[in-house]
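Structure file model.cif; described as mmCIF, C-alpha atoms.
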```cif
data_my_file
#
loop_
_atom_site.label_atom_id
_atom_site.label_comp_id
_atom_site.auth_asym_id
_atom_site.auth_seq_id
_atom_site.Cartn_x
_atom_site.Cartn_y
_atom_site.Cartn_z
CA MET L 19 14.18 130.15 73.18
CA TYR L 20 11.48 130.03 70.54
CA LYS L 21 9.74 127.44 68.45
CA ARG L 22 9.21 127.54 64.73
CA LYS L 23 6.93 125.48 62.57
CA ILE L 24 7.69 125.19 58.88
CA THR L 25 4.94 124.17 56.50
CA GLU L 26 5.19 124.37 52.72
CA GLY L 27 7.86 127.05 52.97
CA LYS L 28 6.07 129.22 55.53
CA CYS L 29 6.99 129.59 59.18
CA THR L 30 5.21 130.48 62.37
CA ASN L 31 7.57 131.96 64.92
CA MET L 32 6.06 131.91 68.38
CA SER L 33 8.31 134.47 70.08
CA GLU L 34 9.70 136.66 67.30
CA ASN L 35 8.78 137.34 63.70
CA LYS L 36 11.69 136.75 61.37
CA CYS L 37 9.51 135.92 58.38
CA HIS L 38 8.86 138.53 55.73
CA ILE L 39 7.64 138.41 52.15
CA THR L 40 10.14 139.79 49.66
CA SER L 41 9.97 141.17 46.15
CA ILE L 42 12.88 138.96 45.12
CA GLY L 43 12.14 136.67 42.22
CA GLY L 44 14.12 134.42 39.96
CA GLN L 45 14.30 132.03 37.07
CA ALA L 46 16.07 128.78 36.35
CA VAL L 47 18.52 128.76 33.44
CA MET L 48 20.92 126.20 31.97
CA GLU L 49 22.81 124.78 34.96
CA GLY L 50 22.04 127.90 36.95
CA VAL L 51 19.68 130.39 38.54
CA MET L 52 18.90 134.03 37.89
CA MET L 53 17.80 136.18 40.84
CA ARG L 54 16.37 139.69 40.66
CA GLY L 55 16.68 141.77 43.81
CA PRO L 56 15.71 145.37 44.62
CA LYS L 57 18.88 146.80 43.06
CA ASP L 58 20.69 144.05 41.17
CA ILE L 59 20.19 141.06 38.88
CA ALA L 60 22.54 138.10 39.21
CA VAL L 61 22.92 134.94 37.16
CA ALA L 62 24.89 132.12 38.78
CA VAL L 63 25.96 129.21 36.57
CA ARG L 64 27.93 126.07 37.34
CA THR L 65 30.38 125.61 34.50
CA PRO L 66 31.38 122.22 33.03
CA GLU L 67 34.53 122.49 35.18
CA GLY L 68 32.39 122.65 38.33
CA GLU L 69 33.06 126.32 39.10
CA ILE L 70 30.21 128.69 40.00
CA VAL L 71 30.36 131.86 37.89
CA VAL L 72 28.17 134.84 38.84
CA ASP L 73 27.26 137.67 36.47
CA LYS L 74 25.84 140.66 38.38
CA LYS L 75 24.28 143.77 36.87
CA PRO L 76 22.20 146.66 38.28
CA VAL L 77 18.45 146.59 37.73
CA ALA L 78 17.53 148.94 34.89
CA SER L 79 13.73 149.08 34.90
CA ILE L 80 11.90 151.84 33.05
CA ILE L 81 9.10 151.55 35.64
CA GLN L 82 11.26 153.54 38.06
CA LYS L 83 11.71 156.35 35.51
CA TYR L 84 8.07 157.16 34.73
CA LYS L 85 5.26 157.55 37.27
CA LEU L 86 2.65 156.47 34.72
CA LEU L 87 4.27 153.02 34.46
CA LYS L 88 3.88 152.49 38.22
CA LEU L 89 0.08 152.52 37.99
CA PRO L 90 -1.74 149.21 38.62
CA ILE L 91 -2.33 147.10 35.49
CA ILE L 92 0.18 149.16 33.48
CA ARG L 93 3.06 148.11 35.75
CA GLY L 94 2.07 144.49 35.24
CA VAL L 95 2.31 144.71 31.45
CA VAL L 96 5.69 146.46 31.59
CA SER L 97 7.02 144.06 34.23
CA PHE L 98 5.96 141.08 32.11
CA CYS L 99 7.80 142.41 29.05
CA GLU L 100 10.89 143.27 31.10
CA SER L 101 10.87 139.81 32.69
CA LEU L 102 10.84 138.17 29.25
CA ILE L 103 13.86 140.21 28.14
CA ILE L 104 15.78 139.68 31.41
CA GLY L 105 14.99 135.98 31.38
CA THR L 106 16.15 135.57 27.78
CA ARG L 107 19.40 137.42 28.53
CA ALA L 108 19.99 135.13 31.51
CA LEU L 109 19.37 132.02 29.40
CA MET L 110 21.77 133.20 26.71
CA PHE L 111 24.44 133.99 29.32
CA SER L 112 24.14 130.51 30.79
CA ALA L 113 24.21 128.91 27.34
CA GLU L 114 27.58 130.53 26.57
CA PHE L 115 29.31 128.14 28.97
CA PHE L 116 28.04 125.13 27.05
CA ASP L 117 28.52 126.34 23.46
CA ILE L 118 31.08 124.35 21.50
CA GLU L 119 33.17 126.87 19.58
CA GLU L 120 34.69 125.71 16.32
CA GLU L 121 38.49 125.18 16.46
CA GLU L 122 38.88 127.47 13.47
CA ASP L 123 37.15 130.31 15.32
CA LYS L 124 39.35 129.76 18.39
CA VAL L 125 42.50 130.01 16.27
CA LYS L 126 41.18 133.09 14.49
CA LYS L 127 40.42 134.90 17.75
CA ALA L 128 43.81 133.95 19.18
CA THR L 129 45.59 135.69 16.27
CA MET L 130 43.51 138.89 16.46
CA THR L 131 44.92 142.20 17.62
CA GLU L 132 43.33 143.93 20.61
CA ASP L 133 41.40 146.35 18.36
CA GLU L 134 40.16 143.53 16.15
CA ARG L 135 39.06 141.55 19.21
CA LYS L 136 37.14 144.54 20.59
CA ALA L 137 35.46 145.14 17.22
CA THR L 138 34.49 141.46 17.01
CA GLU L 139 33.08 141.48 20.54
CA ALA L 140 31.08 144.66 19.81
CA LYS L 141 29.64 143.03 16.67
CA GLU L 142 28.79 139.86 18.60
CA SER L 143 27.12 141.96 21.30
CA LYS L 144 24.87 143.65 18.72
CA ILE L 145 24.00 140.28 17.19
CA LYS L 146 23.20 138.95 20.66
CA ASP L 147 20.84 141.90 21.33
CA VAL L 148 19.03 141.23 18.07
CA ALA L 149 18.79 137.54 18.98
CA ILE L 150 17.39 138.38 22.42
CA TYR L 151 14.62 140.63 21.16
CA GLY L 152 13.94 138.25 18.30
CA SER L 153 13.62 135.35 20.75
CA VAL L 154 11.23 137.34 22.94
CA ALA L 155 9.12 138.26 19.91
CA MET L 156 9.01 134.62 18.74
CA ALA L 157 8.11 133.42 22.24
CA LEU L 158 5.24 135.92 22.40
CA VAL L 159 3.98 134.96 18.94
CA PHE L 160 4.18 131.26 19.81
CA GLY L 161 2.53 131.68 23.21
CA VAL L 162 -0.26 133.93 21.99
CA GLY L 163 -0.85 131.84 18.88
CA ILE L 164 -0.94 128.41 20.55
CA PHE L 165 -2.47 129.18 23.93
CA MET L 166 -4.69 132.19 23.21
CA LEU L 167 -5.81 132.20 19.57
CA LEU L 168 -5.75 128.48 18.64
CA PRO L 169 -8.37 127.50 21.28
CA THR L 170 -10.68 130.23 19.94
CA ILE L 171 -10.33 128.90 16.39
CA LEU L 172 -10.86 125.27 17.45
CA VAL L 173 -14.00 126.07 19.46
CA GLY L 174 -15.21 128.28 16.60
CA PHE L 175 -15.48 125.18 14.39
CA VAL L 176 -17.88 123.49 16.83
CA LYS L 177 -19.57 126.61 18.18
CA SER L 178 -22.89 125.69 16.55
CA TYR L 179 -22.98 122.45 18.56
CA ILE L 180 -22.13 124.10 21.90
CA GLY L 181 -24.79 126.77 22.03
CA SER L 182 -24.50 129.81 24.29
CA GLY L 183 -21.56 132.19 24.17
CA VAL L 184 -20.76 131.68 27.86
CA LEU L 185 -20.56 127.91 27.43
CA ALA L 186 -18.40 128.33 24.32
CA THR L 187 -16.05 130.62 26.25
CA PHE L 188 -15.83 128.10 29.09
CA THR L 189 -15.09 125.31 26.60
CA GLU L 190 -12.45 127.48 24.99
CA GLY L 191 -10.84 128.03 28.41
CA ILE L 192 -10.78 124.30 29.07
CA VAL L 193 -9.09 123.71 25.70
CA ARG L 194 -6.54 126.44 26.49
CA ILE L 195 -5.67 124.97 29.88
CA PHE L 196 -5.48 121.46 28.39
CA LEU L 197 -3.02 122.62 25.71
CA PHE L 198 -0.92 124.39 28.32
CA LEU L 199 -0.82 121.39 30.67
CA ALA L 200 -0.05 119.04 27.77
CA TYR L 201 2.83 121.27 26.66
CA ILE L 202 4.29 121.53 30.18
CA THR L 203 3.97 117.77 30.72
CA LEU L 204 5.65 116.93 27.41
CA VAL L 205 8.62 119.27 27.82
CA SER L 206 9.12 118.09 31.41
CA GLN L 207 10.07 114.66 30.01
CA MET L 208 13.15 116.11 28.29
CA LYS L 209 16.41 115.46 30.17
CA ASP L 210 17.72 119.04 29.83
CA ILE L 211 14.38 120.50 30.92
CA ARG L 212 14.30 118.25 33.98
CA ARG L 213 17.65 119.76 35.00
CA VAL L 214 16.20 123.25 34.56
CA PHE L 215 13.18 122.29 36.68
CA GLU L 216 15.55 121.09 39.41
CA TYR L 217 17.22 124.50 39.43
CA HIS L 218 13.72 125.99 39.51
CA GLY L 219 13.09 124.07 42.71
CA ALA L 220 16.44 125.28 44.10
CA GLU L 221 15.44 128.87 43.37
CA HIS L 222 12.19 128.54 45.34
CA LYS L 223 13.79 126.73 48.29
CA THR L 224 16.51 129.36 48.58
CA ILE L 225 14.09 132.30 48.51
CA PHE L 226 11.89 130.60 51.11
CA CYS L 227 14.96 130.02 53.30
CA TYR L 228 15.83 133.73 53.17
CA GLU L 229 12.21 134.83 53.75
CA ASN L 230 12.07 132.64 56.85
CA GLY L 231 15.08 134.36 58.36
CA GLU L 232 17.33 131.31 58.09
CA GLU L 233 21.01 131.48 57.26
CA LEU L 234 21.54 130.76 53.57
CA THR L 235 23.13 127.32 53.70
CA VAL L 236 22.44 124.16 51.73
CA GLU L 237 21.24 122.38 54.87
CA ASN L 238 18.73 125.12 55.71
CA ALA L 239 17.46 125.60 52.15
CA ARG L 240 16.96 121.88 51.61
CA LYS L 241 14.13 121.64 54.20
CA PHE L 242 11.90 124.24 52.54
CA SER L 243 9.21 123.69 49.93
CA ARG L 244 9.97 123.89 46.23
CA LEU L 245 6.49 125.39 45.60
CA HIS L 246 6.23 129.19 45.80
CA PRO L 247 3.05 131.33 45.42
CA ARG L 248 4.82 134.05 43.40
CA CYS L 249 6.13 131.66 40.76
CA GLY L 250 5.80 132.52 37.08
CA THR L 251 4.08 129.18 36.53
CA SER L 252 1.26 130.34 38.79
CA PHE L 253 1.16 133.62 36.87
CA LEU L 254 0.58 131.82 33.56
CA LEU L 255 -2.25 129.76 35.01
CA ILE L 256 -3.87 132.91 36.46
CA VAL L 257 -3.58 134.50 33.00
CA MET L 258 -5.69 131.69 31.59
CA VAL L 259 -8.34 131.94 34.29
CA VAL L 260 -8.55 135.74 33.93
CA SER L 261 -8.84 135.37 30.15
CA ILE L 262 -11.82 133.01 30.56
CA ILE L 263 -13.63 135.57 32.72
CA LEU L 264 -12.71 138.62 30.64
CA PHE L 265 -13.28 137.05 27.22
CA SER L 266 -16.73 135.84 28.26
CA PHE L 267 -17.92 139.40 27.58
CA ILE L 268 -16.82 139.23 23.94
CA SER L 269 -19.41 138.15 21.40
CA TRP L 270 -18.95 135.02 19.26
CA SER L 271 -20.89 136.58 16.37
CA ASN L 272 -17.73 136.99 14.28
CA LEU L 273 -14.66 134.82 14.78
CA TRP L 274 -12.15 137.29 13.33
CA THR L 275 -13.54 140.14 15.40
CA ARG L 276 -13.27 137.97 18.50
CA LEU L 277 -9.65 137.11 17.69
CA GLY L 278 -8.83 140.78 17.13
CA LEU L 279 -10.44 141.85 20.40
CA ARG L 280 -8.57 139.12 22.25
CA LEU L 281 -5.27 140.49 20.99
CA LEU L 282 -6.24 144.01 22.06
CA LEU L 283 -7.25 142.80 25.54
CA LEU L 284 -4.14 140.70 26.18
CA PRO L 285 -2.27 143.58 27.91
CA LEU L 286 -5.25 143.99 30.25
CA VAL L 287 -5.25 140.24 30.96
CA ALA L 288 -1.52 140.31 31.76
CA GLY L 289 -1.89 143.43 33.93
CA LEU L 290 -4.79 142.03 35.95
CA SER L 291 -3.00 138.69 36.40
CA TYR L 292 0.10 140.49 37.68
CA GLU L 293 -1.94 142.36 40.29
CA ILE L 294 -3.63 139.14 41.41
CA ILE L 295 -0.40 137.20 41.87
CA LYS L 296 1.26 140.19 43.52
CA PHE L 297 -1.57 140.38 46.04
CA ALA L 298 -1.70 136.60 46.49
CA GLY L 299 2.03 136.51 47.15
CA ARG L 300 1.80 138.79 50.19
CA SER L 301 -1.69 137.90 51.42
CA LYS L 302 -2.32 135.36 54.16
CA SER L 303 -6.07 135.14 53.61
CA LYS L 304 -7.70 131.76 52.96
CA CYS L 305 -9.37 133.16 49.84
CA MET L 306 -6.05 134.05 48.19
CA LYS L 307 -4.60 130.72 49.30
CA ILE L 308 -7.37 129.01 47.35
CA VAL L 309 -6.62 131.24 44.33
CA SER L 310 -2.94 130.29 44.52
CA MET L 311 -3.56 126.57 44.98
CA PRO L 312 -3.92 125.52 41.27
CA GLY L 313 -0.65 127.27 40.45
CA MET L 314 1.05 125.54 43.37
CA TRP L 315 -0.21 122.18 42.09
CA LEU L 316 1.15 122.96 38.63
CA GLN L 317 4.56 123.69 40.14
CA LYS L 318 4.76 120.02 41.06
CA ILE L 319 5.43 119.54 37.34
CA THR L 320 7.61 122.61 36.67
CA THR L 321 9.84 122.14 39.73
CA ARG L 322 11.82 119.14 40.94
CA GLU L 323 13.80 118.45 44.06
CA PRO L 324 17.32 119.85 43.57
CA ASP L 325 20.57 118.32 44.73
CA ASP L 326 23.03 120.08 47.02
CA SER L 327 25.19 121.39 44.17
CA GLN L 328 22.14 123.08 42.60
CA LEU L 329 21.19 124.65 45.92
CA GLU L 330 24.73 126.04 46.14
CA VAL L 331 24.25 127.78 42.80
CA ALA L 332 20.88 129.25 43.82
CA ILE L 333 22.35 130.50 47.11
CA ALA L 334 25.28 132.14 45.27
CA SER L 335 22.82 133.92 42.98
CA LEU L 336 20.56 135.11 45.82
CA GLN L 337 23.46 136.30 47.99
CA SER L 338 24.65 138.44 45.07
CA VAL L 339 21.45 140.51 44.98
CA LEU L 340 20.95 141.02 48.73
CA THR L 341 21.63 144.55 49.94
CA GLY L 342 22.27 143.71 53.60
CA ASN L 343 19.08 145.52 54.65
CA ARG L 344 16.04 143.23 54.73
CA GLU L 345 13.70 146.22 54.45
CA ASP L 346 15.03 146.95 50.94
CA ASP L 347 13.53 143.78 49.50
CA LYS L 348 10.30 143.78 51.49
CA TRP L 349 7.22 143.53 49.28
#
```

Show this structure as C-alpha cells.
Amino acid sequence: MYKRKITEGKCTNMSENKCHITSIGGQAVMEGVMMRGPKDIAVAVRTPEGEIVVDKKPVASIIQKYKLLKLPIIRGVVSFCESLIIGTRALMFSAEFFDIEEEEDKVKKATMTEDERKATEAKESKIKDVAIYGSVAMALVFGVGIFMLLPTILVGFVKSYIGSGVLATFTEGIVRIFLFLAYITLVSQMKDIRRVFEYHGAEHKTIFCYENGEELTVENARKFSRLHPRCGTSFLLIVMVVSIILFSFISWSNLWTRLGLRLLLLPLVAGLSYEIIKFAGRSKSKCMKIVSMPGMWLQKITTREPDDSQLEVAIASLQSVLTGNREDDKW
C-alpha cells in the first residue's frame, strides 16, 4: 500500500516513485489536440459526426541531423520555428473536418478519373504547404510587430518625459506585457477560442495524468490540474521578461537603430527563453517555481476546464505518441 498526494498536477508518492517529467508536449487545435512525443506527432480531432480521427506521423526534426543545432540557445530557436510549423499543420488538419466544400466541387471530384484525382490532390498539397509557411511568416510578422516593435515605438514618443534608458526599457516592457495580456483576454471571449482553450486544458490534464503514472482514463485525467509549467503560454511570457532584461543594454539614442538591434537579438531572446522554460519544467527548486508562477497564472486565461469528451480526444492523441517505454520520453 502507498499514499499519493496530488497538488496542481504533481504527486508525492510515499513508497514508490511513479512520477517522471517527460518531453511530451502538445497544442490545442479545432475540436482536437496535437501531441508530440519522442518519435511521433499525432493530431486527434472529434469530427462533426462525433468520431475521433487520429493523424499520426513520425517526428522529422532537423535538430537530430546536425550536432550544431543541439547546442543550447541554438536548439531553442530551431525548436521554436519547428513548433510554429508543426502547430500550423495541426491546425490546418483539424480545420479540414469543418470546411464546407461547395457542391460544385464535390460533383467535380466525383467525376474525376483516378489520375486526375491524384493530380488535384498533389496540387492541393503544394498549395497547403505554401499556406502553412505563409501563415507562419504572417504570424511571426504580426507577433514581432505588435508585441516587440510597437511598444518600442510608443515609448519612443514619450522617451523625453521618462528620462533614463533603464526606466524607458522597463516602461516599454510593461507596455509589451499589457498588449499581450489585452490580446489574450480579448480573444478568450470568442466562442471558438473558448473551445480551443478547453482542449488546451485537456492536453495539460492528460500529460499530467501520464507523468504521474496513472492509467490514461477520463476519470484519472479529470482530477489533475489544467496548468502546466512547460506550456507555450509560459514560454511567451518568459520571452517578454527576457527581452526586458536583454534590451536594457541597448541604447535609446536612435530609435531605428534600437528597432534594428531588437530584431537581430530576437533569436537570442527565443533561445534563452527556451532554455529557461526547459530547466523550469524539470526543476523542483523553489526559485524556478517562482519563475514559472506568472506563466501558470496566465494559463488561467488560456486554459479552461474540459468536458469528458474533450479529455477522450486528448487521451487518444497522447496514447498515439507513446512508445511503451517510459524512459523514451523522459526529459

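Candidate residues L:Leu167, L:Gly161, L:Ala60, L:Leu316 were compared for distance to Leu279 in chain L, and the nearest is L:Leu167, using all atoms listed in the file.
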
Residues within 12 Å of (5.1, 130.8, 36.6), counting all atoms listed in the file, listed as a PyMOL selection string: chain L and resi 43-46+98+101-102+202+215+218+222+245-258+291-292+295+310+312-321

Would you write out those residues with C-alpha atoms, as a PDB file, in the frame of the given file?
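Done, and the output landed in selection.pdb:
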```
ATOM      1  CA  GLY L  43      12.140 136.670  42.220  1.00  0.00           C
ATOM      2  CA  GLY L  44      14.120 134.420  39.960  1.00  0.00           C
ATOM      3  CA  GLN L  45      14.300 132.030  37.070  1.00  0.00           C
ATOM      4  CA  ALA L  46      16.070 128.780  36.350  1.00  0.00           C
ATOM      5  CA  PHE L  98       5.960 141.080  32.110  1.00  0.00           C
ATOM      6  CA  SER L 101      10.870 139.810  32.690  1.00  0.00           C
ATOM      7  CA  LEU L 102      10.840 138.170  29.250  1.00  0.00           C
ATOM      8  CA  ILE L 202       4.290 121.530  30.180  1.00  0.00           C
ATOM      9  CA  PHE L 215      13.180 122.290  36.680  1.00  0.00           C
ATOM     10  CA  HIS L 218      13.720 125.990  39.510  1.00  0.00           C
ATOM     11  CA  HIS L 222      12.190 128.540  45.340  1.00  0.00           C
ATOM     12  CA  LEU L 245       6.490 125.390  45.600  1.00  0.00           C
ATOM     13  CA  HIS L 246       6.230 129.190  45.800  1.00  0.00           C
ATOM     14  CA  PRO L 247       3.050 131.330  45.420  1.00  0.00           C
ATOM     15  CA  ARG L 248       4.820 134.050  43.400  1.00  0.00           C
ATOM     16  CA  CYS L 249       6.130 131.660  40.760  1.00  0.00           C
ATOM     17  CA  GLY L 250       5.800 132.520  37.080  1.00  0.00           C
ATOM     18  CA  THR L 251       4.080 129.180  36.530  1.00  0.00           C
ATOM     19  CA  SER L 252       1.260 130.340  38.790  1.00  0.00           C
ATOM     20  CA  PHE L 253       1.160 133.620  36.870  1.00  0.00           C
ATOM     21  CA  LEU L 254       0.580 131.820  33.560  1.00  0.00           C
ATOM     22  CA  LEU L 255      -2.250 129.760  35.010  1.00  0.00           C
ATOM     23  CA  ILE L 256      -3.870 132.910  36.460  1.00  0.00           C
ATOM     24  CA  VAL L 257      -3.580 134.500  33.000  1.00  0.00           C
ATOM     25  CA  MET L 258      -5.690 131.690  31.590  1.00  0.00           C
ATOM     26  CA  SER L 291      -3.000 138.690  36.400  1.00  0.00           C
ATOM     27  CA  TYR L 292       0.100 140.490  37.680  1.00  0.00           C
ATOM     28  CA  ILE L 295      -0.400 137.200  41.870  1.00  0.00           C
ATOM     29  CA  SER L 310      -2.940 130.290  44.520  1.00  0.00           C
ATOM     30  CA  PRO L 312      -3.920 125.520  41.270  1.00  0.00           C
ATOM     31  CA  GLY L 313      -0.650 127.270  40.450  1.00  0.00           C
ATOM     32  CA  MET L 314       1.050 125.540  43.370  1.00  0.00           C
ATOM     33  CA  TRP L 315      -0.210 122.180  42.090  1.00  0.00           C
ATOM     34  CA  LEU L 316       1.150 122.960  38.630  1.00  0.00           C
ATOM     35  CA  GLN L 317       4.560 123.690  40.140  1.00  0.00           C
ATOM     36  CA  LYS L 318       4.760 120.020  41.060  1.00  0.00           C
ATOM     37  CA  ILE L 319       5.430 119.540  37.340  1.00  0.00           C
ATOM     38  CA  THR L 320       7.610 122.610  36.670  1.00  0.00           C
ATOM     39  CA  THR L 321       9.840 122.140  39.730  1.00  0.00           C
TER      40      THR L 321
END
```

Residue list as a ChimeraX atom specification for point (10.2, 137.5, 51.9), cut-off 7 Å, all atoms listed in the file: /L:37-41,228-229,348

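Atom to atom, CA of Gln328 in chain L and CA of Arg240 in chain L stand 10.5 Å apart.
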
Resolved residues for the PyMOL selection byres ((chain L and resi 169) around 12) as number ranges by chain: L: 161-168, 170-177, 186-198, 258, 261-262, 273, 276-277, 280

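CA of Phe265 in chain L to CA of Leu282 in chain L spans 11.2 Å [interatomic distance, one decimal].
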
Residues near range 50-59 of chain L, cut-off 8 Å, all atoms listed in the file, skip fewer than 6 positions along chain, as a PyMOL selection string: chain L and resi 41-44+74-77+105+108+112+214+217-218+221+328+331-332+335-336+338-341+346-347

Can those selected residues be exported to a file as an mmCIF file, in the frame of the given file so that it contains C-alpha atoms?
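The file below, part19.cif, is the result:
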```
data_model
loop_
_atom_site.group_PDB
_atom_site.id
_atom_site.type_symbol
_atom_site.label_atom_id
_atom_site.label_comp_id
_atom_site.auth_asym_id
_atom_site.auth_seq_id
_atom_site.Cartn_x
_atom_site.Cartn_y
_atom_site.Cartn_z
ATOM 1 C CA SER L 41 9.970 141.170 46.150
ATOM 2 C CA ILE L 42 12.880 138.960 45.120
ATOM 3 C CA GLY L 43 12.140 136.670 42.220
ATOM 4 C CA GLY L 44 14.120 134.420 39.960
ATOM 5 C CA LYS L 74 25.840 140.660 38.380
ATOM 6 C CA LYS L 75 24.280 143.770 36.870
ATOM 7 C CA PRO L 76 22.200 146.660 38.280
ATOM 8 C CA VAL L 77 18.450 146.590 37.730
ATOM 9 C CA GLY L 105 14.990 135.980 31.380
ATOM 10 C CA ALA L 108 19.990 135.130 31.510
ATOM 11 C CA SER L 112 24.140 130.510 30.790
ATOM 12 C CA VAL L 214 16.200 123.250 34.560
ATOM 13 C CA TYR L 217 17.220 124.500 39.430
ATOM 14 C CA HIS L 218 13.720 125.990 39.510
ATOM 15 C CA GLU L 221 15.440 128.870 43.370
ATOM 16 C CA GLN L 328 22.140 123.080 42.600
ATOM 17 C CA VAL L 331 24.250 127.780 42.800
ATOM 18 C CA ALA L 332 20.880 129.250 43.820
ATOM 19 C CA SER L 335 22.820 133.920 42.980
ATOM 20 C CA LEU L 336 20.560 135.110 45.820
ATOM 21 C CA SER L 338 24.650 138.440 45.070
ATOM 22 C CA VAL L 339 21.450 140.510 44.980
ATOM 23 C CA LEU L 340 20.950 141.020 48.730
ATOM 24 C CA THR L 341 21.630 144.550 49.940
ATOM 25 C CA ASP L 346 15.030 146.950 50.940
ATOM 26 C CA ASP L 347 13.530 143.780 49.500
#
```

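For the set L:Gln82, L:Ser269, L:Gln337, L:Thr275, the residue with the smallest atom-to-atom gap to Leu185 in chain L is L:Ser269, counting only C-alpha atoms.
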
Add whatever atoms are absent from range 276-283 of chain L to reach all heavy atoms, and provide the output as a PDB file, in the coordinates of the input.
```
ATOM      1  N   ARG L 276     -13.595 138.502  17.168  1.00  0.00           N
ATOM      2  CA  ARG L 276     -13.270 137.970  18.500  1.00  0.00           C
ATOM      3  C   ARG L 276     -11.762 137.787  18.662  1.00  0.00           C
ATOM      4  O   ARG L 276     -11.198 138.133  19.699  1.00  0.00           O
ATOM      5  CB  ARG L 276     -13.994 136.630  18.709  1.00  0.00           C
ATOM      6  CG  ARG L 276     -13.807 136.055  20.107  1.00  0.00           C
ATOM      7  CD  ARG L 276     -14.656 134.815  20.302  1.00  0.00           C
ATOM      8  NE  ARG L 276     -14.422 134.206  21.602  1.00  0.00           N
ATOM      9  CZ  ARG L 276     -14.987 134.604  22.738  1.00  0.00           C
ATOM     10  NH1 ARG L 276     -15.831 135.636  22.727  1.00  0.00           N
ATOM     11  NH2 ARG L 276     -14.715 133.999  23.886  1.00  0.00           N
ATOM     12  N   LEU L 277     -11.102 137.277  17.631  1.00  0.00           N
ATOM     13  CA  LEU L 277      -9.650 137.110  17.690  1.00  0.00           C
ATOM     14  C   LEU L 277      -8.947 138.454  17.828  1.00  0.00           C
ATOM     15  O   LEU L 277      -7.995 138.606  18.614  1.00  0.00           O
ATOM     16  CB  LEU L 277      -9.150 136.384  16.440  1.00  0.00           C
ATOM     17  CG  LEU L 277      -9.510 134.901  16.310  1.00  0.00           C
ATOM     18  CD1 LEU L 277      -9.094 134.376  14.943  1.00  0.00           C
ATOM     19  CD2 LEU L 277      -8.834 134.087  17.411  1.00  0.00           C
ATOM     20  N   GLY L 278      -9.429 139.452  17.065  1.00  0.00           N
ATOM     21  CA  GLY L 278      -8.830 140.780  17.130  1.00  0.00           C
ATOM     22  C   GLY L 278      -8.992 141.423  18.508  1.00  0.00           C
ATOM     23  O   GLY L 278      -8.059 142.025  19.045  1.00  0.00           O
ATOM     24  N   LEU L 279     -10.187 141.289  19.082  1.00  0.00           N
ATOM     25  CA  LEU L 279     -10.440 141.850  20.400  1.00  0.00           C
ATOM     26  C   LEU L 279      -9.612 141.143  21.477  1.00  0.00           C
ATOM     27  O   LEU L 279      -9.174 141.761  22.451  1.00  0.00           O
ATOM     28  CB  LEU L 279     -11.933 141.757  20.736  1.00  0.00           C
ATOM     29  CG  LEU L 279     -12.847 142.714  19.960  1.00  0.00           C
ATOM     30  CD1 LEU L 279     -14.314 142.411  20.260  1.00  0.00           C
ATOM     31  CD2 LEU L 279     -12.537 144.165  20.326  1.00  0.00           C
ATOM     32  N   ARG L 280      -9.401 139.882  21.300  1.00  0.00           N
ATOM     33  CA  ARG L 280      -8.570 139.120  22.250  1.00  0.00           C
ATOM     34  C   ARG L 280      -7.147 139.669  22.262  1.00  0.00           C
ATOM     35  O   ARG L 280      -6.535 139.822  23.318  1.00  0.00           O
ATOM     36  CB  ARG L 280      -8.555 137.643  21.896  1.00  0.00           C
ATOM     37  CG  ARG L 280      -9.823 136.943  22.352  1.00  0.00           C
ATOM     38  CD  ARG L 280      -9.805 135.485  21.958  1.00  0.00           C
ATOM     39  NE  ARG L 280     -10.989 134.840  22.524  1.00  0.00           N
ATOM     40  CZ  ARG L 280     -11.014 134.271  23.718  1.00  0.00           C
ATOM     41  NH1 ARG L 280      -9.953 134.289  24.460  1.00  0.00           N
ATOM     42  NH2 ARG L 280     -12.121 133.709  24.173  1.00  0.00           N
ATOM     43  N   LEU L 281      -6.616 139.933  21.077  1.00  0.00           N
ATOM     44  CA  LEU L 281      -5.270 140.490  20.990  1.00  0.00           C
ATOM     45  C   LEU L 281      -5.190 141.853  21.669  1.00  0.00           C
ATOM     46  O   LEU L 281      -4.219 142.157  22.375  1.00  0.00           O
ATOM     47  CB  LEU L 281      -4.834 140.600  19.528  1.00  0.00           C
ATOM     48  CG  LEU L 281      -4.550 139.278  18.804  1.00  0.00           C
ATOM     49  CD1 LEU L 281      -4.274 139.525  17.332  1.00  0.00           C
ATOM     50  CD2 LEU L 281      -3.360 138.564  19.446  1.00  0.00           C
ATOM     51  N   LEU L 282      -6.216 142.665  21.463  1.00  0.00           N
ATOM     52  CA  LEU L 282      -6.240 144.010  22.060  1.00  0.00           C
ATOM     53  C   LEU L 282      -6.350 143.945  23.588  1.00  0.00           C
ATOM     54  O   LEU L 282      -5.823 144.811  24.294  1.00  0.00           O
ATOM     55  CB  LEU L 282      -7.405 144.819  21.489  1.00  0.00           C
ATOM     56  CG  LEU L 282      -7.284 145.235  20.023  1.00  0.00           C
ATOM     57  CD1 LEU L 282      -8.573 145.918  19.556  1.00  0.00           C
ATOM     58  CD2 LEU L 282      -6.098 146.182  19.835  1.00  0.00           C
ATOM     59  N   LEU L 283      -7.023 142.917  24.091  1.00  0.00           N
ATOM     60  CA  LEU L 283      -7.250 142.800  25.540  1.00  0.00           C
ATOM     61  C   LEU L 283      -6.140 142.042  26.273  1.00  0.00           C
ATOM     62  O   LEU L 283      -6.152 141.986  27.499  1.00  0.00           O
ATOM     63  CB  LEU L 283      -8.594 142.115  25.804  1.00  0.00           C
ATOM     64  CG  LEU L 283      -9.844 142.938  25.496  1.00  0.00           C
ATOM     65  CD1 LEU L 283     -11.096 142.081  25.666  1.00  0.00           C
ATOM     66  CD2 LEU L 283      -9.927 144.156  26.414  1.00  0.00           C
TER      67      LEU L 283
END
```
